[in-house]
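Next up, entry_23.pdb (PDB, C-alpha atoms):
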MODEL        1
ATOM      1  CA  MET K   1     -63.588 -18.837  87.298
ATOM      2  CA  LYS K   2     -65.697 -18.570  90.442
ATOM      3  CA  ARG K   3     -62.712 -18.639  92.816
ATOM      4  CA  PHE K   4     -61.691 -15.172  93.959
ATOM      5  CA  VAL K   5     -58.047 -14.165  93.879
ATOM      6  CA  THR K   6     -57.038 -12.706  97.232
ATOM      7  CA  GLU K   7     -53.820 -10.902  96.289
ATOM      8  CA  VAL K   8     -52.592  -8.608  93.546
ATOM      9  CA  GLN K   9     -48.874  -8.088  92.946
ATOM     10  CA  ARG K  10     -47.377  -4.734  92.010
ATOM     11  CA  PHE K  11     -44.437  -5.137  89.608
ATOM     12  CA  ALA K  12     -44.042  -1.491  88.534
ATOM     13  CA  PRO K  13     -45.429   1.876  89.690
ATOM     14  CA  GLU K  14     -49.218   1.822  89.370
ATOM     15  CA  THR K  15     -49.065  -1.537  87.537
ATOM     16  CA  PHE K  16     -50.328  -4.877  88.885
ATOM     17  CA  TYR K  17     -50.983  -8.492  87.991
ATOM     18  CA  TRP K  18     -52.799 -11.445  89.550
ATOM     19  CA  GLU K  19     -53.301 -15.033  88.522
ATOM     20  CA  GLN K  20     -54.913 -18.375  89.281
ATOM     21  CA  PHE K  21     -54.579 -21.890  87.921
ATOM     22  CA  SER K  22     -57.520 -23.183  85.908
ATOM     23  CA  ASP K  23     -58.280 -26.842  86.629
ATOM     24  CA  GLU K  24     -60.566 -26.854  83.613
ATOM     25  CA  LEU K  25     -57.997 -25.491  81.143
ATOM     26  CA  LYS K  26     -54.953 -26.944  82.921
ATOM     27  CA  THR K  27     -53.023 -23.698  82.662
ATOM     28  CA  THR K  28     -52.360 -20.468  84.530
ATOM     29  CA  LEU K  29     -54.662 -17.532  83.850
ATOM     30  CA  SER K  30     -53.273 -14.053  84.444
ATOM     31  CA  SER K  31     -54.700 -10.541  84.570
ATOM     32  CA  ALA K  32     -53.159  -7.084  84.780
ATOM     33  CA  ALA K  33     -54.147  -3.579  85.784
ATOM     34  CA  PHE K  34     -52.715  -0.151  85.041
ATOM     35  CA  ARG K  35     -53.537   2.972  86.979
ATOM     36  CA  ALA K  36     -53.211   6.494  85.628
ATOM     37  CA  ASP K  37     -55.229   8.604  88.039
ATOM     38  CA  PRO K  38     -58.058   9.305  87.890
ATOM     39  CA  GLU K  39     -58.488   6.133  85.833
ATOM     40  CA  VAL K  40     -57.605   2.478  86.328
ATOM     41  CA  VAL K  41     -57.831  -0.193  83.616
ATOM     42  CA  LEU K  42     -58.241  -3.937  84.216
ATOM     43  CA  PHE K  43     -57.115  -6.269  81.431
ATOM     44  CA  ASP K  44     -58.961  -9.609  81.086
ATOM     45  CA  PRO K  45     -59.836  -9.564  84.802
ATOM     46  CA  LEU K  46     -60.066 -12.663  86.952
ATOM     47  CA  PRO K  47     -62.374 -12.324  89.987
ATOM     48  CA  LEU K  48     -60.848 -10.475  92.947
ATOM     49  CA  THR K  49     -61.798 -10.109  96.592
ATOM     50  CA  MET K  50     -62.891  -6.629  97.553
ATOM     51  CA  ALA K  51     -59.671  -6.046  99.500
ATOM     52  CA  ALA K  52     -57.573  -6.952  96.468
ATOM     53  CA  MET K  53     -59.733  -4.786  94.209
ATOM     54  CA  ASN K  54     -59.355  -1.827  96.553
ATOM     55  CA  ARG K  55     -55.575  -2.172  96.445
ATOM     56  CA  LEU K  56     -55.300  -1.889  92.692
ATOM     57  CA  VAL K  57     -58.013   0.777  92.322
ATOM     58  CA  GLY K  58     -56.336   3.030  94.897
ATOM     59  CA  HIS K  59     -57.449   6.644  94.518
ATOM     60  CA  ALA K  60     -58.713   6.207  90.958
ATOM     61  CA  SER K  61     -62.278   7.449  90.527
ATOM     62  CA  ARG K  62     -63.039   5.714  87.218
ATOM     63  CA  ALA K  63     -62.442   2.066  86.303
ATOM     64  CA  PHE K  64     -62.578   0.329  82.927
ATOM     65  CA  ILE K  65     -62.134  -3.202  81.601
ATOM     66  CA  LEU K  66     -60.261  -3.763  78.337
ATOM     67  CA  LEU K  67     -60.394  -7.205  76.717
ATOM     68  CA  THR K  68     -57.453  -8.506  74.703
ATOM     69  CA  ASN K  69     -59.708 -10.824  72.701
ATOM     70  CA  ALA K  70     -63.207 -12.284  72.605
ATOM     71  CA  ASN K  71     -62.186 -15.333  74.652
ATOM     72  CA  HIS K  72     -61.200 -13.358  77.752
ATOM     73  CA  GLU K  73     -64.424 -12.068  79.232
ATOM     74  CA  ARG K  74     -63.614 -13.900  82.477
ATOM     75  CA  ALA K  75     -65.107 -11.903  85.382
ATOM     76  CA  SER K  76     -66.011  -8.883  83.248
ATOM     77  CA  LEU K  77     -69.761  -9.367  83.386
ATOM     78  CA  SER K  78     -69.897  -9.737  87.170
ATOM     79  CA  LEU K  79     -67.637  -6.713  87.647
ATOM     80  CA  ARG K  80     -69.886  -4.652  85.426
ATOM     81  CA  GLU K  81     -73.020  -5.823  87.202
ATOM     82  CA  ASN K  82     -71.672  -5.478  90.736
ATOM     83  CA  MET K  83     -69.317  -2.511  90.402
ATOM     84  CA  ARG K  84     -70.610  -0.790  87.258
ATOM     85  CA  ILE K  85     -67.257  -1.090  85.477
ATOM     86  CA  PRO K  86     -67.764  -0.662  81.715
ATOM     87  CA  VAL K  87     -66.249  -3.225  79.359
ATOM     88  CA  TRP K  88     -64.418  -2.231  76.165
ATOM     89  CA  ALA K  89     -63.216  -4.464  73.309
ATOM     90  CA  HIS K  90     -61.876  -4.141  69.786
ATOM     91  CA  GLU K  91     -64.638  -3.998  67.176
ATOM     92  CA  THR K  92     -63.561  -7.360  65.691
ATOM     93  CA  ALA K  93     -64.395  -9.085  68.995
ATOM     94  CA  LYS K  94     -68.083  -8.233  68.883
ATOM     95  CA  PRO K  95     -69.312 -11.268  66.827
ATOM     96  CA  ASP K  96     -67.630 -13.748  69.186
ATOM     97  CA  LEU K  97     -68.415 -12.209  72.569
ATOM     98  CA  GLU K  98     -71.001 -13.758  74.846
ATOM     99  CA  MET K  99     -71.778 -10.385  76.423
ATOM    100  CA  ASP K 100     -72.617  -7.010  74.939
ATOM    101  CA  VAL K 101     -69.704  -4.720  75.716
ATOM    102  CA  ASN K 102     -70.212  -1.069  76.559
ATOM    103  CA  GLU K 103     -67.799   0.234  73.948
ATOM    104  CA  CYS K 104     -66.237  -1.143  70.775
ATOM    105  CA  PHE K 105     -63.180   0.633  69.415
ATOM    106  CA  LYS K 106     -60.746   0.395  66.544
ATOM    107  CA  GLU K 107     -57.016   0.946  66.398
ATOM    108  CA  GLY K 108     -56.244   4.647  66.837
ATOM    109  CA  ASP K 109     -59.285   5.467  68.972
ATOM    110  CA  LYS K 110     -58.796   7.227  72.293
ATOM    111  CA  LEU K 111     -58.747   4.759  75.198
ATOM    112  CA  PRO K 112     -58.872   5.120  79.002
ATOM    113  CA  ALA K 113     -55.648   5.919  80.878
ATOM    114  CA  GLY K 114     -54.025   7.162  77.673
ATOM    115  CA  LEU K 115     -53.527   3.619  76.379
ATOM    116  CA  LYS K 116     -52.917   2.808  72.721
ATOM    117  CA  ALA K 117     -54.516  -0.248  71.073
ATOM    118  CA  ILE K 118     -52.581  -2.372  68.577
ATOM    119  CA  HIS K 119     -54.669  -4.901  66.660
ATOM    120  CA  ILE K 120     -52.567  -8.049  66.198
ATOM    121  CA  PRO K 121     -54.882 -10.689  64.630
ATOM    122  CA  GLY K 122     -53.748 -14.259  64.169
ATOM    123  CA  SER K 123     -54.039 -16.144  67.419
ATOM    124  CA  SER K 124     -57.657 -14.980  67.163
ATOM    125  CA  PRO K 125     -59.301 -12.404  64.870
ATOM    126  CA  SER K 126     -59.791  -9.931  67.725
ATOM    127  CA  GLU K 127     -56.384 -10.209  69.445
ATOM    128  CA  THR K 128     -55.423  -6.734  70.650
ATOM    129  CA  ALA K 129     -52.426  -5.481  72.615
ATOM    130  CA  TYR K 130     -52.347  -2.268  74.641
ATOM    131  CA  PHE K 131     -49.430   0.085  75.145
ATOM    132  CA  THR K 132     -48.430   2.813  77.563
ATOM    133  CA  PRO K 133     -45.102   4.685  77.456
ATOM    134  CA  LYS K 134     -45.113   4.871  81.270
ATOM    135  CA  ASN K 135     -42.486   2.993  83.303
ATOM    136  CA  GLY K 136     -40.196   2.631  80.304
ATOM    137  CA  GLY K 137     -43.044   1.325  78.161
ATOM    138  CA  ILE K 138     -45.436  -1.552  78.887
ATOM    139  CA  VAL K 139     -47.303  -3.812  76.463
ATOM    140  CA  PHE K 140     -50.342  -5.682  77.792
ATOM    141  CA  ILE K 141     -51.028  -8.748  75.632
ATOM    142  CA  GLY K 142     -53.529 -11.604  75.555
ATOM    143  CA  ASP K 143     -52.997 -14.957  73.850
ATOM    144  CA  ALA K 144     -50.517 -14.239  71.052
ATOM    145  CA  LEU K 145     -47.624 -14.733  73.489
ATOM    146  CA  VAL K 146     -47.328 -16.666  76.746
ATOM    147  CA  ASN K 147     -44.769 -16.726  79.563
ATOM    148  CA  LEU K 148     -45.577 -19.906  81.458
ATOM    149  CA  ASP K 149     -42.210 -21.666  81.705
ATOM    150  CA  PRO K 150     -39.281 -19.861  83.415
ATOM    151  CA  GLU K 151     -36.840 -22.033  81.495
ATOM    152  CA  LYS K 152     -38.329 -21.298  78.083
ATOM    153  CA  GLY K 153     -39.419 -17.709  78.709
ATOM    154  CA  MET K 154     -41.640 -15.852  76.278
ATOM    155  CA  GLU K 155     -43.174 -18.142  73.650
ATOM    156  CA  PHE K 156     -45.702 -17.970  70.859
ATOM    157  CA  LEU K 157     -49.115 -19.410  71.618
ATOM    158  CA  PRO K 158     -48.868 -23.080  70.541
ATOM    159  CA  ASP K 159     -49.974 -23.418  66.925
ATOM    160  CA  LYS K 160     -52.739 -25.877  67.818
ATOM    161  CA  TYR K 161     -54.525 -23.120  69.751
ATOM    162  CA  SER K 162     -53.914 -20.372  67.186
ATOM    163  CA  LYS K 163     -56.317 -19.548  64.369
ATOM    164  CA  ASP K 164     -53.502 -18.430  62.049
ATOM    165  CA  PRO K 165     -49.969 -18.796  63.491
ATOM    166  CA  LYS K 166     -48.289 -17.169  60.480
ATOM    167  CA  GLN K 167     -50.541 -14.122  60.639
ATOM    168  CA  SER K 168     -49.990 -13.880  64.381
ATOM    169  CA  ARG K 169     -46.206 -13.744  63.993
ATOM    170  CA  GLU K 170     -46.470 -11.077  61.310
ATOM    171  CA  SER K 171     -48.904  -9.058  63.432
ATOM    172  CA  LEU K 172     -46.564  -9.192  66.433
ATOM    173  CA  ARG K 173     -43.918  -7.343  64.428
ATOM    174  CA  LYS K 174     -46.077  -4.235  64.783
ATOM    175  CA  LEU K 175     -45.098  -4.160  68.463
ATOM    176  CA  LEU K 176     -41.423  -3.708  67.562
ATOM    177  CA  LYS K 177     -42.272  -0.168  66.429
ATOM    178  CA  LEU K 178     -42.964   0.693  70.083
ATOM    179  CA  ASP K 179     -40.449   1.377  72.844
ATOM    180  CA  PHE K 180     -41.127  -0.876  75.829
ATOM    181  CA  GLU K 181     -39.303  -2.689  78.590
ATOM    182  CA  MET K 182     -42.172  -4.646  80.143
ATOM    183  CA  MET K 183     -44.902  -6.966  78.954
ATOM    184  CA  THR K 184     -47.835  -8.629  80.693
ATOM    185  CA  PHE K 185     -49.619 -11.767  79.532
ATOM    186  CA  ALA K 186     -53.009 -13.429  79.900
ATOM    187  CA  HIS K 187     -51.059 -16.612  80.650
ATOM    188  CA  GLY K 188     -47.944 -16.190  82.736
ATOM    189  CA  GLN K 189     -46.019 -13.675  84.799
ATOM    190  CA  PRO K 190     -45.007 -10.264  83.460
ATOM    191  CA  ILE K 191     -41.578  -9.630  81.998
ATOM    192  CA  VAL K 192     -40.156  -6.488  83.597
ATOM    193  CA  ARG K 193     -36.933  -5.964  81.646
ATOM    194  CA  ASP K 194     -35.904  -6.253  77.973
ATOM    195  CA  ALA K 195     -39.326  -7.469  76.818
ATOM    196  CA  LYS K 196     -38.915  -5.825  73.411
ATOM    197  CA  LYS K 197     -35.503  -7.435  72.924
ATOM    198  CA  CYS K 198     -37.001 -10.776  73.936
ATOM    199  CA  LEU K 199     -39.818 -10.404  71.403
ATOM    200  CA  ALA K 200     -37.413  -9.398  68.642
ATOM    201  CA  ALA K 201     -35.236 -12.424  69.351
ATOM    202  CA  LEU K 202     -38.258 -14.717  69.409
ATOM    203  CA  LEU K 203     -39.466 -13.415  66.048
ATOM    204  CA  GLU K 204     -36.007 -13.904  64.587
ATOM    205  CA  GLY K 205     -35.769 -17.437  65.991
ATOM    206  CA  ASP K 206     -32.902 -16.710  68.377
ATOM    207  CA  GLY K 207     -33.033 -19.267  71.186
ATOM    208  CA  SER K 208     -30.598 -17.288  73.354
ATOM    209  CA  ARG K 209     -33.119 -14.601  74.348
ATOM    210  CA  LYS K 210     -32.867 -13.299  77.894
ATOM    211  CA  PHE K 211     -35.515 -11.727  80.083
ATOM    212  CA  LYS K 212     -36.353 -10.916  83.662
ATOM    213  CA  SER K 213     -39.728 -11.907  85.040
ATOM    214  CA  ALA K 214     -41.661  -9.913  87.569
ATOM    215  CA  GLU K 215     -40.379  -9.240  91.039
ATOM    216  CA  ALA K 216     -43.534  -8.412  92.928
ATOM    217  CA  GLU K 217     -43.666  -5.843  95.712
TER     218      GLU K 217
ENDMDL
END
Would you mind writing the file's structure down as structure tokens?
Amino acid sequence: MKRFVTEVQRFAPETFYWEQFSDELKTTLSSAAFRADPEVVLFDPLPLTMAAMNRLVGHASRAFILLTNANHERASLSLRENMRIPVWAHETAKPDLEMDVNECFKEGDKLPAGLKAIHIPGSSPSETAYFTPKNGGIVFIGDALVNLDPEKGMEFLPDKYSKDPKQSRESLRKLLKLDFEMMTFAHGQPIVRDAKKCLAALLEGDGSRKFKSAEAE
């Protein structure tokens, strides 16, 4: 986690992602950011160079970190210490966090950048997705879903890593009440088209789901 990512990719207006491969975990770690001036939100942030950070912050005057679960602190502590960016997490994450976050919230509370929190426990007790209606609707998700293999597309977190796979699948159905085209992941590239249709097909066990991954600018 000490290696700094040098580039962020914009895949939609005011919306970014960046990633790095973890030799320790043997998988790709991904982060996202959403800007709604004057605020910018970083989801599960990996460490960035200052140039990369400046690109995604843009003209925003206030920055926040939102965690999707208690396992994704990543570079949050260093960003808070060095850049004074406050860290927020769902109230169920508090017992499992290594750091004291600045703000704990529950579903329905007002969040930065007009985001909505959806608590989707299962993969972990604190798993939380975030939603904005901007850009056709975007869901920012942590571990419950991954998008690591272009051939397989969106998949459930493997059962061996999930606390309660059945609960996770039932929780994910809450997202189908939202209107969204895009989805970002803590592991894998964003899906920029038909993400809701892809999720619905996955939950129904339809192997013919189609999606379009990010085309960075």
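The smallest atom-to-atom distance between Ser78 (chain K) and any of K:Leu66, K:Ala113, K:Ala12, K:Met99, using all atoms listed in the file, is found for K:Met99.
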Point to revise | Answer key for the PyMOL selection byres ((chain K and resi 53) around 12), residues as an NGL selection string | key: :K and (4-9 or 16-18 or 32-33 or 40-42 or 45-52 or 54-60 or 63 or 79 or 83)
If we count only C-alpha atoms and set the cut-off at 12 Å, which residues sit around Tyr130 (chain K), ignoring sequence neighbours fewer than 3 positions away in its own chain? Please answer as a PDB file with C-alpha atoms, keeping the file's coordinate frame.
ATOM      1  CA  ALA K  32     -53.159  -7.084  84.780  1.00  0.00           C
ATOM      2  CA  ALA K  33     -54.147  -3.579  85.784  1.00  0.00           C
ATOM      3  CA  PHE K  34     -52.715  -0.151  85.041  1.00  0.00           C
ATOM      4  CA  VAL K  41     -57.831  -0.193  83.616  1.00  0.00           C
ATOM      5  CA  LEU K  42     -58.241  -3.937  84.216  1.00  0.00           C
ATOM      6  CA  PHE K  43     -57.115  -6.269  81.431  1.00  0.00           C
ATOM      7  CA  ASP K  44     -58.961  -9.609  81.086  1.00  0.00           C
ATOM      8  CA  LEU K  66     -60.261  -3.763  78.337  1.00  0.00           C
ATOM      9  CA  LEU K  67     -60.394  -7.205  76.717  1.00  0.00           C
ATOM     10  CA  THR K  68     -57.453  -8.506  74.703  1.00  0.00           C
ATOM     11  CA  ASN K  69     -59.708 -10.824  72.701  1.00  0.00           C
ATOM     12  CA  ALA K  89     -63.216  -4.464  73.309  1.00  0.00           C
ATOM     13  CA  HIS K  90     -61.876  -4.141  69.786  1.00  0.00           C
ATOM     14  CA  LYS K 106     -60.746   0.395  66.544  1.00  0.00           C
ATOM     15  CA  GLU K 107     -57.016   0.946  66.398  1.00  0.00           C
ATOM     16  CA  GLY K 108     -56.244   4.647  66.837  1.00  0.00           C
ATOM     17  CA  ASP K 109     -59.285   5.467  68.972  1.00  0.00           C
ATOM     18  CA  LYS K 110     -58.796   7.227  72.293  1.00  0.00           C
ATOM     19  CA  LEU K 111     -58.747   4.759  75.198  1.00  0.00           C
ATOM     20  CA  PRO K 112     -58.872   5.120  79.002  1.00  0.00           C
ATOM     21  CA  ALA K 113     -55.648   5.919  80.878  1.00  0.00           C
ATOM     22  CA  GLY K 114     -54.025   7.162  77.673  1.00  0.00           C
ATOM     23  CA  LEU K 115     -53.527   3.619  76.379  1.00  0.00           C
ATOM     24  CA  LYS K 116     -52.917   2.808  72.721  1.00  0.00           C
ATOM     25  CA  ALA K 117     -54.516  -0.248  71.073  1.00  0.00           C
ATOM     26  CA  ILE K 118     -52.581  -2.372  68.577  1.00  0.00           C
ATOM     27  CA  HIS K 119     -54.669  -4.901  66.660  1.00  0.00           C
ATOM     28  CA  ILE K 120     -52.567  -8.049  66.198  1.00  0.00           C
ATOM     29  CA  GLU K 127     -56.384 -10.209  69.445  1.00  0.00           C
ATOM     30  CA  PRO K 133     -45.102   4.685  77.456  1.00  0.00           C
ATOM     31  CA  GLY K 137     -43.044   1.325  78.161  1.00  0.00           C
ATOM     32  CA  ILE K 138     -45.436  -1.552  78.887  1.00  0.00           C
ATOM     33  CA  VAL K 139     -47.303  -3.812  76.463  1.00  0.00           C
ATOM     34  CA  PHE K 140     -50.342  -5.682  77.792  1.00  0.00           C
ATOM     35  CA  ILE K 141     -51.028  -8.748  75.632  1.00  0.00           C
ATOM     36  CA  GLY K 142     -53.529 -11.604  75.555  1.00  0.00           C
ATOM     37  CA  LYS K 174     -46.077  -4.235  64.783  1.00  0.00           C
ATOM     38  CA  LEU K 175     -45.098  -4.160  68.463  1.00  0.00           C
ATOM     39  CA  LEU K 178     -42.964   0.693  70.083  1.00  0.00           C
ATOM     40  CA  PHE K 180     -41.127  -0.876  75.829  1.00  0.00           C
ATOM     41  CA  MET K 182     -42.172  -4.646  80.143  1.00  0.00           C
ATOM     42  CA  MET K 183     -44.902  -6.966  78.954  1.00  0.00           C
ATOM     43  CA  THR K 184     -47.835  -8.629  80.693  1.00  0.00           C
ATOM     44  CA  PHE K 185     -49.619 -11.767  79.532  1.00  0.00           C
TER      45      PHE K 185
END
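Among the candidate residues K:His187, K:Lys197, K:Lys152, K:Arg62, the one lying nearest to Glu19 (chain K) is K:His187, with distances computed using only C-alpha atoms.
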Practice item. Run the PyMOL selection byres ((chain K and resi 148) around 8) against the file shown and list the residues it catches, as a list of chain:residue names. Key: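 Those residues are K:Thr28, K:Val146, K:Asn147, K:Asp149, K:Pro150, K:Gly153, K:Met154, K:His187, K:Gly188, K:Gln189.
The shortest atom-to-atom distance to Pro190 (chain K), with all atoms listed in the file taken into account, belongs to K:Leu145 out of K:Leu172, K:Leu145, K:Leu97, K:Ile85.
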**Study point:** Pairwise distance for CA of Leu199 (chain K) and CA of Glu14 (chain K), rounded to one decimal in Å
**Key:** 23.7 Å
Review point. Of the candidates K:Ser76, K:Ser162, K:Ser30, K:Ser61, which shows the shortest atom-to-atom distance to Asn102 (chain K), using only C-alpha atoms?
Key: K:Ser76
Check your understanding: What gap, in Å, lies between CA of Arg169 (chain K) and CA of Ile65 (chain K)?
Key ->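 Spanning CA of Arg169 (chain K) to CA of Ile65 (chain K) is a straight-line distance of 26.0 Å.
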**Study point:** For Asp179 (chain K), the nearest of the candidates K:Lys134, K:Arg3, K:Leu202, K:Arg10, counting all atoms listed in the file
**Key:**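 When distances to Asp179 (chain K) are compared using all atoms listed in the file, the smallest one comes from K:Lys134.
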Check your understanding: Could you work out how far CA of Gly122 (chain K) lies from CA of Lys196 (chain K), giving the answer in Å with one decimal?
Key ->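 Computing the Euclidean distance for CA of Lys196 (chain K) and CA of Gly122 (chain K) yields 19.4 Å.
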Region 20-50 of chain K from the block above: N, CA and C atoms written as a PDB file, in the first residue's frame:
ATOM      1  N   GLN K  20      -4.124  -0.365  -8.458  1.00  0.00           N
ATOM      2  CA  GLN K  20      -2.790  -0.943  -8.410  1.00  0.00           C
ATOM      3  C   GLN K  20      -2.924  -2.416  -8.021  1.00  0.00           C
ATOM      4  N   PHE K  21      -1.946  -3.203  -8.440  1.00  0.00           N
ATOM      5  CA  PHE K  21      -1.958  -4.620  -8.104  1.00  0.00           C
ATOM      6  C   PHE K  21      -1.267  -4.822  -6.767  1.00  0.00           C
ATOM      7  N   SER K  22      -1.902  -5.603  -5.895  1.00  0.00           N
ATOM      8  CA  SER K  22      -1.326  -5.898  -4.591  1.00  0.00           C
ATOM      9  C   SER K  22      -0.572  -7.222  -4.659  1.00  0.00           C
ATOM     10  N   ASP K  23       0.743  -7.177  -4.483  1.00  0.00           N
ATOM     11  CA  ASP K  23       1.539  -8.400  -4.447  1.00  0.00           C
ATOM     12  C   ASP K  23       1.180  -9.242  -3.229  1.00  0.00           C
ATOM     13  N   GLU K  24       0.807  -8.561  -2.155  1.00  0.00           N
ATOM     14  CA  GLU K  24       0.465  -9.269  -0.923  1.00  0.00           C
ATOM     15  C   GLU K  24      -0.849 -10.039  -1.067  1.00  0.00           C
ATOM     16  N   LEU K  25      -1.858  -9.389  -1.648  1.00  0.00           N
ATOM     17  CA  LEU K  25      -3.180 -10.007  -1.773  1.00  0.00           C
ATOM     18  C   LEU K  25      -3.378 -10.734  -3.096  1.00  0.00           C
ATOM     19  N   LYS K  26      -2.443 -10.525  -4.028  1.00  0.00           N
ATOM     20  CA  LYS K  26      -2.511 -11.161  -5.346  1.00  0.00           C
ATOM     21  C   LYS K  26      -3.793 -10.797  -6.093  1.00  0.00           C
ATOM     22  N   THR K  27      -4.166  -9.546  -6.016  1.00  0.00           N
ATOM     23  CA  THR K  27      -5.354  -9.089  -6.743  1.00  0.00           C
ATOM     24  C   THR K  27      -5.239  -7.596  -6.998  1.00  0.00           C
ATOM     25  N   THR K  28      -6.098  -7.088  -7.859  1.00  0.00           N
ATOM     26  CA  THR K  28      -6.124  -5.664  -8.174  1.00  0.00           C
ATOM     27  C   THR K  28      -6.981  -4.921  -7.159  1.00  0.00           C
ATOM     28  N   LEU K  29      -6.441  -3.826  -6.652  1.00  0.00           N
ATOM     29  CA  LEU K  29      -7.176  -2.938  -5.756  1.00  0.00           C
ATOM     30  C   LEU K  29      -7.573  -1.695  -6.540  1.00  0.00           C
ATOM     31  N   SER K  30      -8.798  -1.258  -6.372  1.00  0.00           N
ATOM     32  CA  SER K  30      -9.304  -0.116  -7.130  1.00  0.00           C
ATOM     33  C   SER K  30      -9.950   0.895  -6.191  1.00  0.00           C
ATOM     34  N   SER K  31      -9.874   2.158  -6.591  1.00  0.00           N
ATOM     35  CA  SER K  31     -10.505   3.250  -5.860  1.00  0.00           C
ATOM     36  C   SER K  31     -11.271   4.119  -6.837  1.00  0.00           C
ATOM     37  N   ALA K  32     -12.177   4.933  -6.316  1.00  0.00           N
ATOM     38  CA  ALA K  32     -12.960   5.828  -7.164  1.00  0.00           C
ATOM     39  C   ALA K  32     -13.107   7.174  -6.479  1.00  0.00           C
ATOM     40  N   ALA K  33     -13.469   8.167  -7.265  1.00  0.00           N
ATOM     41  CA  ALA K  33     -13.739   9.498  -6.727  1.00  0.00           C
ATOM     42  C   ALA K  33     -14.880  10.128  -7.517  1.00  0.00           C
ATOM     43  N   PHE K  34     -15.669  10.920  -6.819  1.00  0.00           N
ATOM     44  CA  PHE K  34     -16.797  11.619  -7.441  1.00  0.00           C
ATOM     45  C   PHE K  34     -16.771  13.060  -6.986  1.00  0.00           C
ATOM     46  N   ARG K  35     -16.872  13.954  -7.937  1.00  0.00           N
ATOM     47  CA  ARG K  35     -16.786  15.380  -7.646  1.00  0.00           C
ATOM     48  C   ARG K  35     -18.120  16.065  -7.931  1.00  0.00           C
ATOM     49  N   ALA K  36     -18.621  16.754  -6.944  1.00  0.00           N
ATOM     50  CA  ALA K  36     -19.822  17.576  -7.096  1.00  0.00           C
ATOM     51  C   ALA K  36     -19.508  18.892  -6.403  1.00  0.00           C
ATOM     52  N   ASP K  37     -18.895  19.794  -7.146  1.00  0.00           N
ATOM     53  CA  ASP K  37     -18.380  21.036  -6.565  1.00  0.00           C
ATOM     54  C   ASP K  37     -19.427  21.688  -5.660  1.00  0.00           C
ATOM     55  N   PRO K  38     -18.989  22.114  -4.466  1.00  0.00           N
ATOM     56  CA  PRO K  38     -17.590  22.295  -4.054  1.00  0.00           C
ATOM     57  C   PRO K  38     -16.980  21.095  -3.330  1.00  0.00           C
ATOM     58  N   GLU K  39     -17.569  19.917  -3.472  1.00  0.00           N
ATOM     59  CA  GLU K  39     -17.090  18.766  -2.721  1.00  0.00           C
ATOM     60  C   GLU K  39     -16.587  17.662  -3.645  1.00  0.00           C
ATOM     61  N   VAL K  40     -15.599  16.912  -3.161  1.00  0.00           N
ATOM     62  CA  VAL K  40     -15.129  15.725  -3.857  1.00  0.00           C
ATOM     63  C   VAL K  40     -15.029  14.598  -2.833  1.00  0.00           C
ATOM     64  N   VAL K  41     -15.459  13.403  -3.233  1.00  0.00           N
ATOM     65  CA  VAL K  41     -15.458  12.243  -2.339  1.00  0.00           C
ATOM     66  C   VAL K  41     -14.534  11.176  -2.912  1.00  0.00           C
ATOM     67  N   LEU K  42     -13.676  10.619  -2.061  1.00  0.00           N
ATOM     68  CA  LEU K  42     -12.789   9.520  -2.432  1.00  0.00           C
ATOM     69  C   LEU K  42     -13.296   8.248  -1.766  1.00  0.00           C
ATOM     70  N   PHE K  43     -13.475   7.191  -2.542  1.00  0.00           N
ATOM     71  CA  PHE K  43     -13.967   5.928  -2.015  1.00  0.00           C
ATOM     72  C   PHE K  43     -12.805   4.948  -1.862  1.00  0.00           C
ATOM     73  N   ASP K  44     -12.578   4.466  -0.638  1.00  0.00           N
ATOM     74  CA  ASP K  44     -11.533   3.462  -0.378  1.00  0.00           C
ATOM     75  C   ASP K  44     -10.213   3.844  -1.050  1.00  0.00           C
ATOM     76  N   PRO K  45      -9.659   5.016  -0.755  1.00  0.00           N
ATOM     77  CA  PRO K  45      -8.556   5.533  -1.573  1.00  0.00           C
ATOM     78  C   PRO K  45      -7.227   4.806  -1.405  1.00  0.00           C
ATOM     79  N   LEU K  46      -6.630   4.469  -2.539  1.00  0.00           N
ATOM     80  CA  LEU K  46      -5.237   4.051  -2.607  1.00  0.00           C
ATOM     81  C   LEU K  46      -4.374   5.303  -2.645  1.00  0.00           C
ATOM     82  N   PRO K  47      -3.104   5.222  -2.250  1.00  0.00           N
ATOM     83  CA  PRO K  47      -2.252   6.415  -2.217  1.00  0.00           C
ATOM     84  C   PRO K  47      -1.983   6.974  -3.612  1.00  0.00           C
ATOM     85  N   LEU K  48      -2.069   8.283  -3.727  1.00  0.00           N
ATOM     86  CA  LEU K  48      -1.885   8.989  -5.000  1.00  0.00           C
ATOM     87  C   LEU K  48      -0.731   9.971  -4.903  1.00  0.00           C
ATOM     88  N   THR K  49      -0.055  10.210  -6.032  1.00  0.00           N
ATOM     89  CA  THR K  49       0.899  11.311  -6.083  1.00  0.00           C
ATOM     90  C   THR K  49       0.134  12.621  -6.000  1.00  0.00           C
ATOM     91  N   MET K  50       0.823  13.680  -5.666  1.00  0.00           N
ATOM     92  CA  MET K  50       0.151  14.968  -5.535  1.00  0.00           C
ATOM     93  C   MET K  50      -0.439  15.418  -6.866  1.00  0.00           C
TER      94      MET K  50
END
